[in-house]
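Below: structure02.pdb (PDB, C-alpha atoms)
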```
MODEL        1
ATOM      1  CA  MET A 140      33.509 -58.356 -42.285
ATOM      2  CA  LEU A 141      30.314 -60.416 -42.273
ATOM      3  CA  LYS A 142      27.925 -59.411 -45.058
ATOM      4  CA  ILE A 143      24.317 -60.536 -44.925
ATOM      5  CA  GLY A 144      22.226 -59.107 -47.735
ATOM      6  CA  PRO A 145      22.767 -55.339 -47.638
ATOM      7  CA  TYR A 146      24.170 -55.360 -44.109
ATOM      8  CA  GLU A 147      27.782 -55.508 -42.941
ATOM      9  CA  PHE A 148      28.924 -56.499 -39.488
ATOM     10  CA  ASN A 149      32.296 -56.415 -37.779
ATOM     11  CA  SER A 150      31.225 -59.039 -35.271
ATOM     12  CA  ARG A 151      30.621 -62.609 -36.368
ATOM     13  CA  LEU A 152      28.632 -63.428 -33.246
ATOM     14  CA  LEU A 153      24.848 -63.243 -33.423
ATOM     15  CA  LEU A 154      23.283 -63.379 -29.981
ATOM     16  CA  GLY A 155      19.922 -64.640 -28.787
ATOM     17  CA  THR A 156      17.992 -62.736 -26.145
ATOM     18  CA  GLY A 157      16.132 -65.541 -24.356
ATOM     19  CA  LYS A 158      16.500 -67.013 -20.883
ATOM     20  CA  TYR A 159      18.835 -64.522 -19.186
ATOM     21  CA  PRO A 160      18.659 -64.327 -15.363
ATOM     22  CA  ASN A 161      17.727 -60.608 -15.542
ATOM     23  CA  PHE A 162      17.970 -57.541 -17.780
ATOM     24  CA  ASP A 163      21.108 -56.166 -16.100
ATOM     25  CA  VAL A 164      23.072 -59.354 -16.699
ATOM     26  CA  GLN A 165      21.649 -59.519 -20.219
ATOM     27  CA  ARG A 166      22.679 -55.966 -21.044
ATOM     28  CA  GLU A 167      26.193 -56.593 -19.734
ATOM     29  CA  ALA A 168      26.432 -59.875 -21.642
ATOM     30  CA  VAL A 169      25.306 -58.224 -24.875
ATOM     31  CA  GLU A 170      27.940 -55.530 -24.402
ATOM     32  CA  ALA A 171      30.668 -58.050 -23.570
ATOM     33  CA  SER A 172      29.816 -60.125 -26.640
ATOM     34  CA  GLU A 173      30.249 -57.087 -28.916
ATOM     35  CA  THR A 174      27.506 -58.543 -31.091
ATOM     36  CA  GLU A 175      25.742 -56.367 -33.636
ATOM     37  CA  VAL A 176      22.804 -58.707 -34.293
ATOM     38  CA  LEU A 177      20.244 -59.693 -31.679
ATOM     39  CA  THR A 178      17.530 -62.260 -32.187
ATOM     40  CA  PHE A 179      14.022 -61.932 -30.792
ATOM     41  CA  ALA A 180      10.786 -63.898 -30.829
ATOM     42  CA  VAL A 181       7.305 -62.526 -31.573
ATOM     43  CA  ARG A 182       4.611 -63.285 -29.027
ATOM     44  CA  ARG A 183       1.227 -62.084 -27.843
ATOM     45  CA  MET A 184       1.544 -59.240 -25.412
ATOM     46  CA  ASN A 185       0.045 -59.299 -21.951
ATOM     47  CA  ILE A 186      -1.983 -56.126 -22.496
ATOM     48  CA  PHE A 187      -2.855 -55.832 -18.820
ATOM     49  CA  GLU A 188       0.786 -55.454 -17.871
ATOM     50  CA  ALA A 189       1.871 -52.646 -20.136
ATOM     51  CA  ASN A 190       4.472 -51.527 -17.625
ATOM     52  CA  GLN A 191       6.354 -54.791 -17.733
ATOM     53  CA  PRO A 192       9.873 -53.990 -18.942
ATOM     54  CA  ASN A 193      10.923 -55.219 -22.354
ATOM     55  CA  PHE A 194      14.564 -55.767 -23.253
ATOM     56  CA  LEU A 195      14.085 -54.284 -26.704
ATOM     57  CA  GLU A 196      13.148 -50.943 -25.168
ATOM     58  CA  LYS A 197      16.458 -50.838 -23.323
ATOM     59  CA  LEU A 198      18.496 -51.142 -26.505
ATOM     60  CA  ASP A 199      20.127 -48.470 -28.598
ATOM     61  CA  LEU A 200      18.697 -49.594 -31.922
ATOM     62  CA  LYS A 201      21.376 -47.699 -33.822
ATOM     63  CA  LYS A 202      23.907 -50.174 -32.439
ATOM     64  CA  TYR A 203      22.071 -53.400 -33.229
ATOM     65  CA  LYS A 204      20.246 -55.015 -36.104
ATOM     66  CA  LEU A 205      17.247 -57.050 -35.050
ATOM     67  CA  LEU A 206      16.852 -60.577 -36.306
ATOM     68  CA  PRO A 207      13.382 -61.741 -35.266
ATOM     69  CA  ASN A 208      12.726 -65.451 -35.512
ATOM     70  CA  THR A 209       9.620 -67.396 -36.441
ATOM     71  CA  ALA A 210      10.049 -69.733 -33.459
ATOM     72  CA  GLY A 211       6.825 -71.470 -32.544
ATOM     73  CA  ALA A 212       5.840 -71.985 -36.176
ATOM     74  CA  SER A 213       5.369 -75.532 -37.390
ATOM     75  CA  THR A 214       4.091 -74.641 -40.869
ATOM     76  CA  ALA A 215       5.247 -72.260 -43.585
ATOM     77  CA  GLU A 216       1.993 -70.330 -43.204
ATOM     78  CA  GLU A 217       2.617 -69.713 -39.495
ATOM     79  CA  ALA A 218       6.215 -68.693 -40.132
ATOM     80  CA  VAL A 219       5.170 -66.224 -42.828
ATOM     81  CA  ARG A 220       2.550 -64.706 -40.516
ATOM     82  CA  ILE A 221       5.116 -64.188 -37.747
ATOM     83  CA  ALA A 222       7.636 -62.752 -40.218
ATOM     84  CA  ARG A 223       5.096 -60.241 -41.537
ATOM     85  CA  LEU A 224       4.167 -59.226 -37.999
ATOM     86  CA  SER A 225       7.802 -58.622 -37.134
ATOM     87  CA  LYS A 226       8.363 -56.503 -40.240
ATOM     88  CA  ALA A 227       5.271 -54.411 -39.485
ATOM     89  CA  SER A 228       7.125 -53.157 -36.403
ATOM     90  CA  GLY A 229       9.102 -51.034 -38.837
ATOM     91  CA  LEU A 230      12.274 -52.025 -36.987
ATOM     92  CA  CYS A 231      13.652 -54.814 -39.149
ATOM     93  CA  ASP A 232      13.542 -56.622 -42.470
ATOM     94  CA  MET A 233      15.705 -59.621 -41.594
ATOM     95  CA  ILE A 234      13.987 -62.819 -40.554
ATOM     96  CA  LYS A 235      15.288 -66.063 -39.110
ATOM     97  CA  VAL A 236      12.973 -68.634 -40.653
ATOM     98  CA  GLU A 237      12.536 -71.344 -38.064
ATOM     99  CA  VAL A 238       9.881 -73.960 -38.760
ATOM    100  CA  ILE A 239      10.070 -76.777 -36.278
ATOM    101  CA  GLY A 240       9.192 -80.263 -37.481
ATOM    102  CA  CYS A 241       9.811 -82.301 -34.336
ATOM    103  CA  SER A 242       8.893 -81.193 -30.842
ATOM    104  CA  LYS A 243      11.411 -83.445 -29.125
ATOM    105  CA  THR A 244      14.529 -82.556 -31.100
ATOM    106  CA  LEU A 245      13.330 -79.131 -32.316
ATOM    107  CA  LEU A 246      14.834 -80.013 -35.663
ATOM    108  CA  PRO A 247      13.510 -77.969 -38.563
ATOM    109  CA  ASP A 248      10.916 -79.112 -41.100
ATOM    110  CA  PRO A 249      12.875 -78.810 -44.356
ATOM    111  CA  ILE A 250       9.852 -78.726 -46.670
ATOM    112  CA  GLU A 251       7.979 -76.043 -44.748
ATOM    113  CA  THR A 252      11.223 -74.082 -44.316
ATOM    114  CA  ILE A 253      11.722 -73.978 -48.083
ATOM    115  CA  LYS A 254       8.100 -72.929 -48.654
ATOM    116  CA  ALA A 255       8.322 -70.138 -46.092
ATOM    117  CA  ALA A 256      11.687 -68.926 -47.401
ATOM    118  CA  GLU A 257      10.319 -68.739 -50.940
ATOM    119  CA  ILE A 258       7.334 -66.591 -49.932
ATOM    120  CA  LEU A 259       9.387 -64.287 -47.716
ATOM    121  CA  LEU A 260      12.082 -63.784 -50.344
ATOM    122  CA  ASP A 261       9.345 -62.764 -52.789
ATOM    123  CA  GLU A 262       8.146 -60.224 -50.263
ATOM    124  CA  GLY A 263      11.583 -58.666 -49.973
ATOM    125  CA  PHE A 264      12.706 -60.019 -46.620
ATOM    126  CA  ILE A 265      16.361 -60.700 -45.851
ATOM    127  CA  VAL A 266      15.943 -64.404 -45.198
ATOM    128  CA  LEU A 267      18.162 -66.481 -42.905
ATOM    129  CA  PRO A 268      16.754 -69.993 -42.610
ATOM    130  CA  TYR A 269      17.530 -72.227 -39.656
ATOM    131  CA  THR A 270      18.274 -75.626 -41.132
ATOM    132  CA  SER A 271      19.736 -78.989 -40.230
ATOM    133  CA  ASP A 272      23.270 -79.857 -41.305
ATOM    134  CA  ASP A 273      21.909 -81.375 -44.535
ATOM    135  CA  VAL A 274      24.308 -80.393 -47.297
ATOM    136  CA  VAL A 275      21.859 -80.559 -50.195
ATOM    137  CA  LEU A 276      19.172 -78.666 -48.312
ATOM    138  CA  ALA A 277      21.640 -75.883 -47.518
ATOM    139  CA  ARG A 278      22.494 -75.634 -51.220
ATOM    140  CA  LYS A 279      18.828 -75.547 -52.228
ATOM    141  CA  LEU A 280      18.101 -72.772 -49.744
ATOM    142  CA  GLU A 281      20.967 -70.807 -51.192
ATOM    143  CA  GLU A 282      19.740 -71.424 -54.758
ATOM    144  CA  LEU A 283      16.345 -70.133 -53.706
ATOM    145  CA  GLY A 284      17.986 -66.817 -52.897
ATOM    146  CA  CYS A 285      18.352 -66.983 -49.119
ATOM    147  CA  HIS A 286      20.803 -64.392 -47.842
ATOM    148  CA  ALA A 287      22.510 -66.842 -45.473
ATOM    149  CA  VAL A 288      22.056 -70.423 -44.340
ATOM    150  CA  MET A 289      22.057 -71.348 -40.687
ATOM    151  CA  PRO A 290      22.759 -75.026 -40.066
ATOM    152  CA  CYS A 291      22.533 -76.255 -36.501
ATOM    153  CA  ALA A 292      25.557 -77.681 -34.717
ATOM    154  CA  SER A 293      23.251 -79.949 -32.686
ATOM    155  CA  PRO A 294      19.702 -79.652 -31.275
ATOM    156  CA  ILE A 295      18.661 -76.213 -29.977
ATOM    157  CA  GLY A 296      19.713 -75.601 -26.390
ATOM    158  CA  SER A 297      21.384 -79.016 -26.105
ATOM    159  CA  GLY A 298      24.932 -77.691 -25.781
ATOM    160  CA  GLN A 299      26.233 -80.785 -27.564
ATOM    161  CA  GLY A 300      28.469 -78.788 -29.876
ATOM    162  CA  ILE A 301      29.139 -79.782 -33.471
ATOM    163  CA  ILE A 302      27.985 -83.347 -33.930
ATOM    164  CA  ASN A 303      28.682 -83.549 -37.663
ATOM    165  CA  PRO A 304      31.773 -81.510 -38.493
ATOM    166  CA  ILE A 305      32.108 -83.219 -41.879
ATOM    167  CA  ASN A 306      28.678 -82.060 -43.061
ATOM    168  CA  LEU A 307      29.258 -78.607 -41.662
ATOM    169  CA  GLN A 308      32.493 -78.308 -43.590
ATOM    170  CA  PHE A 309      30.820 -79.532 -46.787
ATOM    171  CA  ILE A 310      28.258 -76.771 -46.291
ATOM    172  CA  THR A 311      30.821 -74.027 -45.679
ATOM    173  CA  GLU A 312      32.898 -75.171 -48.661
ATOM    174  CA  GLN A 313      30.006 -75.129 -51.116
ATOM    175  CA  ALA A 314      28.256 -71.968 -49.946
ATOM    176  CA  ASP A 315      28.517 -68.583 -51.602
ATOM    177  CA  VAL A 316      26.311 -66.968 -48.968
ATOM    178  CA  PRO A 317      27.286 -66.681 -45.312
ATOM    179  CA  VAL A 318      27.000 -69.855 -43.257
ATOM    180  CA  ILE A 319      26.010 -69.140 -39.692
ATOM    181  CA  VAL A 320      26.135 -72.038 -37.300
ATOM    182  CA  ASP A 321      22.968 -71.706 -35.274
ATOM    183  CA  ALA A 322      22.010 -73.785 -32.239
ATOM    184  CA  GLY A 323      23.676 -76.469 -30.180
ATOM    185  CA  ILE A 324      26.837 -74.573 -29.243
ATOM    186  CA  GLY A 325      27.884 -75.451 -25.688
ATOM    187  CA  GLY A 326      31.221 -73.827 -24.985
ATOM    188  CA  PRO A 327      33.803 -71.567 -26.602
ATOM    189  CA  ALA A 328      35.631 -74.550 -28.138
ATOM    190  CA  ASP A 329      32.489 -75.401 -30.134
ATOM    191  CA  ALA A 330      32.209 -71.844 -31.429
ATOM    192  CA  ALA A 331      35.895 -71.772 -32.354
ATOM    193  CA  LEU A 332      35.581 -75.096 -34.165
ATOM    194  CA  ALA A 333      32.579 -73.840 -36.138
ATOM    195  CA  MET A 334      34.660 -70.904 -37.328
ATOM    196  CA  GLU A 335      37.681 -73.117 -38.061
ATOM    197  CA  LEU A 336      35.420 -75.253 -40.234
ATOM    198  CA  GLY A 337      34.774 -72.180 -42.332
ATOM    199  CA  ALA A 338      31.570 -70.784 -40.865
ATOM    200  CA  ASP A 339      31.070 -67.060 -41.379
ATOM    201  CA  GLY A 340      29.373 -66.589 -38.050
ATOM    202  CA  VAL A 341      27.820 -68.255 -35.025
ATOM    203  CA  LEU A 342      24.376 -67.650 -33.560
ATOM    204  CA  LEU A 343      23.961 -68.770 -29.983
ATOM    205  CA  ASN A 344      21.758 -68.084 -27.009
ATOM    206  CA  THR A 345      21.577 -70.698 -24.253
ATOM    207  CA  ALA A 346      25.349 -71.213 -24.139
ATOM    208  CA  VAL A 347      25.640 -67.627 -22.905
ATOM    209  CA  SER A 348      22.315 -66.930 -21.192
ATOM    210  CA  SER A 349      22.357 -70.109 -19.115
ATOM    211  CA  ALA A 350      26.086 -70.135 -18.297
ATOM    212  CA  ALA A 351      26.964 -69.710 -14.632
ATOM    213  CA  ASP A 352      28.414 -66.314 -15.546
ATOM    214  CA  PRO A 353      26.722 -65.140 -18.755
ATOM    215  CA  VAL A 354      28.795 -61.956 -19.027
ATOM    216  CA  LYS A 355      32.095 -63.830 -18.853
ATOM    217  CA  MET A 356      30.802 -66.469 -21.271
ATOM    218  CA  ALA A 357      29.713 -63.773 -23.712
ATOM    219  CA  LYS A 358      33.268 -62.482 -23.767
ATOM    220  CA  ALA A 359      34.666 -66.020 -24.074
ATOM    221  CA  MET A 360      32.429 -66.660 -27.103
ATOM    222  CA  LYS A 361      33.469 -63.414 -28.729
ATOM    223  CA  LEU A 362      37.153 -64.334 -28.333
ATOM    224  CA  ALA A 363      36.582 -67.932 -29.453
ATOM    225  CA  ILE A 364      34.812 -66.810 -32.614
ATOM    226  CA  GLU A 365      37.596 -64.340 -33.387
ATOM    227  CA  ALA A 366      40.253 -66.983 -32.712
ATOM    228  CA  GLY A 367      38.466 -69.587 -34.819
ATOM    229  CA  ARG A 368      38.088 -67.157 -37.699
ATOM    230  CA  LEU A 369      41.749 -66.131 -37.557
ATOM    231  CA  GLY A 370      42.718 -69.799 -37.488
ATOM    232  CA  TYR A 371      40.573 -70.489 -40.535
ATOM    233  CA  GLU A 372      42.080 -67.573 -42.434
ATOM    234  CA  ALA A 373      45.593 -68.604 -41.378
ATOM    235  CA  GLY A 374      45.100 -72.127 -42.730
ATOM    236  CA  ARG A 375      45.757 -74.898 -40.245
ATOM    237  CA  ILE A 376      48.301 -77.641 -40.825
ATOM    238  CA  PRO A 377      47.073 -81.022 -42.042
ATOM    239  CA  GLN A 378      46.808 -83.795 -39.481
ATOM    240  CA  LYS A 379      49.470 -86.515 -39.645
ATOM    241  CA  ARG A 380      49.586 -89.900 -38.004
ATOM    242  CA  TYR A 381      53.178 -89.680 -36.754
ATOM    243  CA  ALA A 382      55.373 -86.998 -35.206
ATOM    244  CA  SER A 383      57.605 -84.580 -37.097
ATOM    245  CA  ALA A 384      60.281 -82.869 -34.983
ATOM    246  CA  SER A 385      60.171 -79.107 -34.585
ATOM    247  CA  SER A 386      63.914 -78.838 -33.763
ATOM    248  CA  PRO A 387      66.642 -79.545 -36.379
ATOM    249  CA  ALA A 388      68.160 -83.045 -36.514
ATOM    250  CA  GLU A 389      71.609 -81.668 -37.492
ATOM    251  CA  GLY A 390      74.269 -80.289 -35.120
ATOM    252  CA  MET A 391      73.422 -82.400 -32.100
ATOM    253  CA  VAL A 392      76.148 -82.025 -29.365
ATOM    254  CA  PHE A 393      76.545 -85.774 -28.881
ATOM    255  CA  SER A 394      76.946 -86.805 -32.551
TER     256      SER A 394
ATOM    257  CA  MET B 283     -18.333 -53.544 -28.056
ATOM    258  CA  ASN B 284     -17.452 -57.237 -27.959
ATOM    259  CA  VAL B 285     -14.086 -58.116 -29.409
ATOM    260  CA  PHE B 286     -11.422 -60.789 -29.048
ATOM    261  CA  ILE B 287      -7.968 -59.611 -28.030
ATOM    262  CA  ASN B 288      -5.183 -62.166 -28.201
ATOM    263  CA  GLY B 289      -7.799 -64.897 -28.230
ATOM    264  CA  ASP B 290      -9.741 -63.665 -25.189
ATOM    265  CA  ALA B 291     -13.289 -62.324 -25.401
ATOM    266  CA  MET B 292     -13.450 -58.767 -24.070
ATOM    267  CA  VAL B 293     -15.981 -55.979 -23.740
ATOM    268  CA  LEU B 294     -14.672 -52.552 -24.723
ATOM    269  CA  PRO B 295     -16.277 -49.209 -23.846
ATOM    270  CA  GLU B 296     -18.097 -47.813 -26.907
ATOM    271  CA  THR B 297     -15.726 -44.822 -26.960
ATOM    272  CA  ILE B 298     -12.810 -47.114 -27.869
ATOM    273  CA  ASN B 299     -13.564 -47.329 -31.561
ATOM    274  CA  SER B 300     -10.153 -47.144 -33.234
ATOM    275  CA  VAL B 301      -6.924 -49.065 -32.939
ATOM    276  CA  SER B 302      -5.110 -45.973 -31.618
ATOM    277  CA  LEU B 303      -7.699 -45.499 -28.879
ATOM    278  CA  LEU B 304      -7.492 -49.186 -28.043
ATOM    279  CA  LEU B 305      -3.716 -48.955 -27.565
ATOM    280  CA  GLU B 306      -4.125 -45.834 -25.423
ATOM    281  CA  HIS B 307      -6.808 -47.581 -23.375
ATOM    282  CA  PHE B 308      -4.275 -50.262 -22.415
ATOM    283  CA  HIS B 309      -1.408 -47.725 -22.096
ATOM    284  CA  LEU B 310       0.431 -49.291 -25.023
ATOM    285  CA  GLU B 311       0.774 -46.220 -27.240
ATOM    286  CA  GLN B 312       4.485 -45.796 -26.415
ATOM    287  CA  LYS B 313       5.276 -49.499 -26.688
ATOM    288  CA  VAL B 314       6.700 -51.392 -29.629
ATOM    289  CA  VAL B 315       3.621 -53.409 -30.505
ATOM    290  CA  ILE B 316       2.273 -54.799 -33.736
ATOM    291  CA  VAL B 317      -1.460 -55.034 -34.274
ATOM    292  CA  GLU B 318      -3.272 -57.515 -36.442
ATOM    293  CA  LEU B 319      -6.977 -57.001 -37.085
ATOM    294  CA  ASN B 320      -8.933 -59.987 -38.385
ATOM    295  CA  GLN B 321      -5.673 -61.463 -39.684
ATOM    296  CA  HIS B 322      -4.693 -58.245 -41.491
ATOM    297  CA  ILE B 323      -1.502 -56.694 -40.193
ATOM    298  CA  LEU B 324      -1.751 -52.966 -39.640
ATOM    299  CA  ASP B 325       1.056 -50.558 -40.268
ATOM    300  CA  LYS B 326       1.524 -48.126 -37.434
ATOM    301  CA  SER B 327       0.388 -45.324 -39.748
ATOM    302  CA  MET B 328      -3.003 -47.048 -40.044
ATOM    303  CA  HIS B 329      -3.729 -47.248 -36.314
ATOM    304  CA  ALA B 330      -5.562 -43.923 -36.036
ATOM    305  CA  GLU B 331      -7.853 -44.424 -38.998
ATOM    306  CA  THR B 332      -8.643 -48.100 -38.441
ATOM    307  CA  ILE B 333     -12.117 -48.394 -36.923
ATOM    308  CA  LEU B 334     -13.016 -51.266 -34.625
ATOM    309  CA  THR B 335     -16.319 -53.058 -34.983
ATOM    310  CA  ASP B 336     -18.189 -55.638 -32.975
ATOM    311  CA  GLY B 337     -16.742 -59.135 -33.247
ATOM    312  CA  ASP B 338     -13.283 -58.000 -34.372
ATOM    313  CA  ARG B 339     -10.418 -60.344 -33.635
ATOM    314  CA  ILE B 340      -7.388 -58.340 -32.593
ATOM    315  CA  GLU B 341      -3.876 -59.583 -31.998
ATOM    316  CA  ILE B 342      -1.432 -57.367 -30.154
ATOM    317  CA  VAL B 343       2.066 -58.806 -30.299
ATOM    318  CA  HIS B 344       5.544 -57.653 -29.379
ATOM    319  CA  PHE B 345       9.149 -58.790 -29.370
ATOM    320  CA  VAL B 346      10.279 -61.003 -26.513
ATOM    321  CA  GLY B 347      13.566 -62.707 -25.730
ATOM    322  CA  GLY B 348      14.363 -65.586 -28.051
ATOM    323  CA  GLY B 349      17.160 -67.285 -29.910
TER     324      GLY B 349
ENDMDL
END
```
Can you present the structure in this file as structure tokens?
Amino acid sequence: MLKIGPYEFNSRLLLGTGKYPNFDVQREAVEASETEVLTFAVRRMNIFEANQPNFLEKLDLKKYKLLPNTAGASTAEEAVRIARLSKASGLCDMIKVEVIGCSKTLLPDPIETIKAAEILLDEGFIVLPYTSDDVVLARKLEELGCHAVMPCASPIGSGQGIINPINLQFITEQADVPVIVDAGIGGPADAALAMELGADGVLLNTAVSSAADPVKMAKAMKLAIEAGRLGYEAGRIPQKRYASASSPAEGMVFS
Amino acid sequence: MNVFINGDAMVLPETINSVSLLLEHFHLEQKVVIVELNQHILDKSMHAETILTDGDRIEIVHFVGGG
């Protein structure tokens, strides 16, 4: 069971809603993933095209919790404004604080992220900050009162997988709030590794939405996250340099 | 009435003088939209009673796909 603030989820996969080929594929992928948390962005509406379909309107909101993000913000002030707008919808009180500090790598601005998280926590939001894999920063966000920390595996949408497994493991070992690996996941092996390293969940988008078959990939990610979690709970064997035989050395027929 | 909606200057008929009427005018009353008036976010319950005046800056936002 994944617990974030007051909410409990059976699924440890949080799914983004951007960049799917069409709504039908997206709906099928969401179902196949068995996710219970969907992320969204907040943007100006094209008021002259009111009839344009919106994925949110196709969802059974009893089945999903919404996790809007503050994507597009580069300052704490902008992030707070987007968060407040999203909450005014009356549909959600969770917020993924995402304050980008570098347009090329889309890595977060740690100082503005902390500022935004502080304000939003004061206002009663359930705050999930997107952060780098910086161990101390993750701890400080937790100390601030954040309800989860979401370190990236690698740059958003890059599909590079986990580029610093050591840091990620330091973060999962020290944290008393859920650690959700957010961004950079490429394939199911990456998601499984994140879970094996002790993550409580994985948030991904492009790895599913831009896969050749998003529906199949959604299912693969679901299974990988379950497998990785089971593996973590089971406790893997330590790595050794040399072999150790699995069959007994005694009773050989030619001795 | 001259207002700015989502950054664009627009002329509204004088009859459109509340946020509710504005949303109806653009056929948005059934949509999940959030309205900000002069940088003040409006709860849905405030839409009917919030009066628009000349020069208002209105943001109408919604949820779109994102990660």
Proximal residues of chain A relative to chain B (only C-alpha atoms; 10 Å) as a PDB file with C-alpha atoms, in the frame of the given file:
```pdb
ATOM      1  CA  LEU A 153      24.848 -63.243 -33.423  1.00  0.00           C
ATOM      2  CA  LEU A 154      23.283 -63.379 -29.981  1.00  0.00           C
ATOM      3  CA  GLY A 155      19.922 -64.640 -28.787  1.00  0.00           C
ATOM      4  CA  THR A 156      17.992 -62.736 -26.145  1.00  0.00           C
ATOM      5  CA  GLY A 157      16.132 -65.541 -24.356  1.00  0.00           C
ATOM      6  CA  LYS A 158      16.500 -67.013 -20.883  1.00  0.00           C
ATOM      7  CA  TYR A 159      18.835 -64.522 -19.186  1.00  0.00           C
ATOM      8  CA  LEU A 177      20.244 -59.693 -31.679  1.00  0.00           C
ATOM      9  CA  THR A 178      17.530 -62.260 -32.187  1.00  0.00           C
ATOM     10  CA  PHE A 179      14.022 -61.932 -30.792  1.00  0.00           C
ATOM     11  CA  ALA A 180      10.786 -63.898 -30.829  1.00  0.00           C
ATOM     12  CA  VAL A 181       7.305 -62.526 -31.573  1.00  0.00           C
ATOM     13  CA  ARG A 182       4.611 -63.285 -29.027  1.00  0.00           C
ATOM     14  CA  ARG A 183       1.227 -62.084 -27.843  1.00  0.00           C
ATOM     15  CA  MET A 184       1.544 -59.240 -25.412  1.00  0.00           C
ATOM     16  CA  ASN A 185       0.045 -59.299 -21.951  1.00  0.00           C
ATOM     17  CA  ILE A 186      -1.983 -56.126 -22.496  1.00  0.00           C
ATOM     18  CA  PHE A 187      -2.855 -55.832 -18.820  1.00  0.00           C
ATOM     19  CA  GLU A 188       0.786 -55.454 -17.871  1.00  0.00           C
ATOM     20  CA  ALA A 189       1.871 -52.646 -20.136  1.00  0.00           C
ATOM     21  CA  ASN A 190       4.472 -51.527 -17.625  1.00  0.00           C
ATOM     22  CA  ASN A 193      10.923 -55.219 -22.354  1.00  0.00           C
ATOM     23  CA  PHE A 194      14.564 -55.767 -23.253  1.00  0.00           C
ATOM     24  CA  LEU A 195      14.085 -54.284 -26.704  1.00  0.00           C
ATOM     25  CA  GLU A 196      13.148 -50.943 -25.168  1.00  0.00           C
ATOM     26  CA  LEU A 206      16.852 -60.577 -36.306  1.00  0.00           C
ATOM     27  CA  PRO A 207      13.382 -61.741 -35.266  1.00  0.00           C
ATOM     28  CA  ASN A 208      12.726 -65.451 -35.512  1.00  0.00           C
ATOM     29  CA  THR A 209       9.620 -67.396 -36.441  1.00  0.00           C
ATOM     30  CA  ALA A 210      10.049 -69.733 -33.459  1.00  0.00           C
ATOM     31  CA  ARG A 220       2.550 -64.706 -40.516  1.00  0.00           C
ATOM     32  CA  ILE A 221       5.116 -64.188 -37.747  1.00  0.00           C
ATOM     33  CA  ARG A 223       5.096 -60.241 -41.537  1.00  0.00           C
ATOM     34  CA  LEU A 224       4.167 -59.226 -37.999  1.00  0.00           C
ATOM     35  CA  SER A 225       7.802 -58.622 -37.134  1.00  0.00           C
ATOM     36  CA  LYS A 226       8.363 -56.503 -40.240  1.00  0.00           C
ATOM     37  CA  ALA A 227       5.271 -54.411 -39.485  1.00  0.00           C
ATOM     38  CA  SER A 228       7.125 -53.157 -36.403  1.00  0.00           C
ATOM     39  CA  GLY A 229       9.102 -51.034 -38.837  1.00  0.00           C
ATOM     40  CA  LEU A 230      12.274 -52.025 -36.987  1.00  0.00           C
ATOM     41  CA  LYS A 235      15.288 -66.063 -39.110  1.00  0.00           C
ATOM     42  CA  ILE A 295      18.661 -76.213 -29.977  1.00  0.00           C
ATOM     43  CA  GLY A 296      19.713 -75.601 -26.390  1.00  0.00           C
ATOM     44  CA  ASP A 321      22.968 -71.706 -35.274  1.00  0.00           C
ATOM     45  CA  ALA A 322      22.010 -73.785 -32.239  1.00  0.00           C
ATOM     46  CA  LEU A 342      24.376 -67.650 -33.560  1.00  0.00           C
ATOM     47  CA  LEU A 343      23.961 -68.770 -29.983  1.00  0.00           C
ATOM     48  CA  ASN A 344      21.758 -68.084 -27.009  1.00  0.00           C
ATOM     49  CA  THR A 345      21.577 -70.698 -24.253  1.00  0.00           C
TER      50      THR A 345
END
```
Exercise for the section: Taking the file as shown, find all residues satisfying the PyMOL selection byres ((chain A and resi 170-174) around 7) and write them as a PyMOL selection string. Expected result: chain A and resi 150+152-154+166-169+175-176+354+357-358+361
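Rounded to one decimal, atom CA of Asp232 of chain A and atom CA of Ile265 of chain A lie 6.0 Å from each other.
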Handout entry: Selection result for the PyMOL selection byres ((chain B and resi 330) around 10) on this file, as number ranges by chain
Key = B: 299-304, 326-329, 331-333
Just to be explicit: take each residue in the selection above, keep C-alpha atoms, and write the result as a PDB file, in the frame of the given file.
```pdb
ATOM      1  CA  ASN B 299     -13.564 -47.329 -31.561  1.00  0.00           C
ATOM      2  CA  SER B 300     -10.153 -47.144 -33.234  1.00  0.00           C
ATOM      3  CA  VAL B 301      -6.924 -49.065 -32.939  1.00  0.00           C
ATOM      4  CA  SER B 302      -5.110 -45.973 -31.618  1.00  0.00           C
ATOM      5  CA  LEU B 303      -7.699 -45.499 -28.879  1.00  0.00           C
ATOM      6  CA  LEU B 304      -7.492 -49.186 -28.043  1.00  0.00           C
ATOM      7  CA  LYS B 326       1.524 -48.126 -37.434  1.00  0.00           C
ATOM      8  CA  SER B 327       0.388 -45.324 -39.748  1.00  0.00           C
ATOM      9  CA  MET B 328      -3.003 -47.048 -40.044  1.00  0.00           C
ATOM     10  CA  HIS B 329      -3.729 -47.248 -36.314  1.00  0.00           C
ATOM     11  CA  GLU B 331      -7.853 -44.424 -38.998  1.00  0.00           C
ATOM     12  CA  THR B 332      -8.643 -48.100 -38.441  1.00  0.00           C
ATOM     13  CA  ILE B 333     -12.117 -48.394 -36.923  1.00  0.00           C
TER      14      ILE B 333
END
```
Problem - Ground truth for the PyMOL selection byres ((chain A and resi 145) around 12), written as a ChimeraX atom specification - result: /A:141-144,146-148,204,232-233,263-266,286-287
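Counting only C-alpha atoms, Asn284 of chain B has the following residues at most 8 Å away, ignoring those fewer than 6 positions along the same chain: B:Ala291, B:Met292, B:Val293, B:Leu294, B:Asp336, B:Gly337, B:Asp338.
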Deliver the residues from the most recent selection as a file, using C-alpha atoms, as a PDB file, in the frame of the given file.
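Final output, saved to again.pdb:
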```pdb
ATOM      1  CA  ALA B 291     -13.289 -62.324 -25.401  1.00  0.00           C
ATOM      2  CA  MET B 292     -13.450 -58.767 -24.070  1.00  0.00           C
ATOM      3  CA  VAL B 293     -15.981 -55.979 -23.740  1.00  0.00           C
ATOM      4  CA  LEU B 294     -14.672 -52.552 -24.723  1.00  0.00           C
ATOM      5  CA  ASP B 336     -18.189 -55.638 -32.975  1.00  0.00           C
ATOM      6  CA  GLY B 337     -16.742 -59.135 -33.247  1.00  0.00           C
ATOM      7  CA  ASP B 338     -13.283 -58.000 -34.372  1.00  0.00           C
TER       8      ASP B 338
END
```
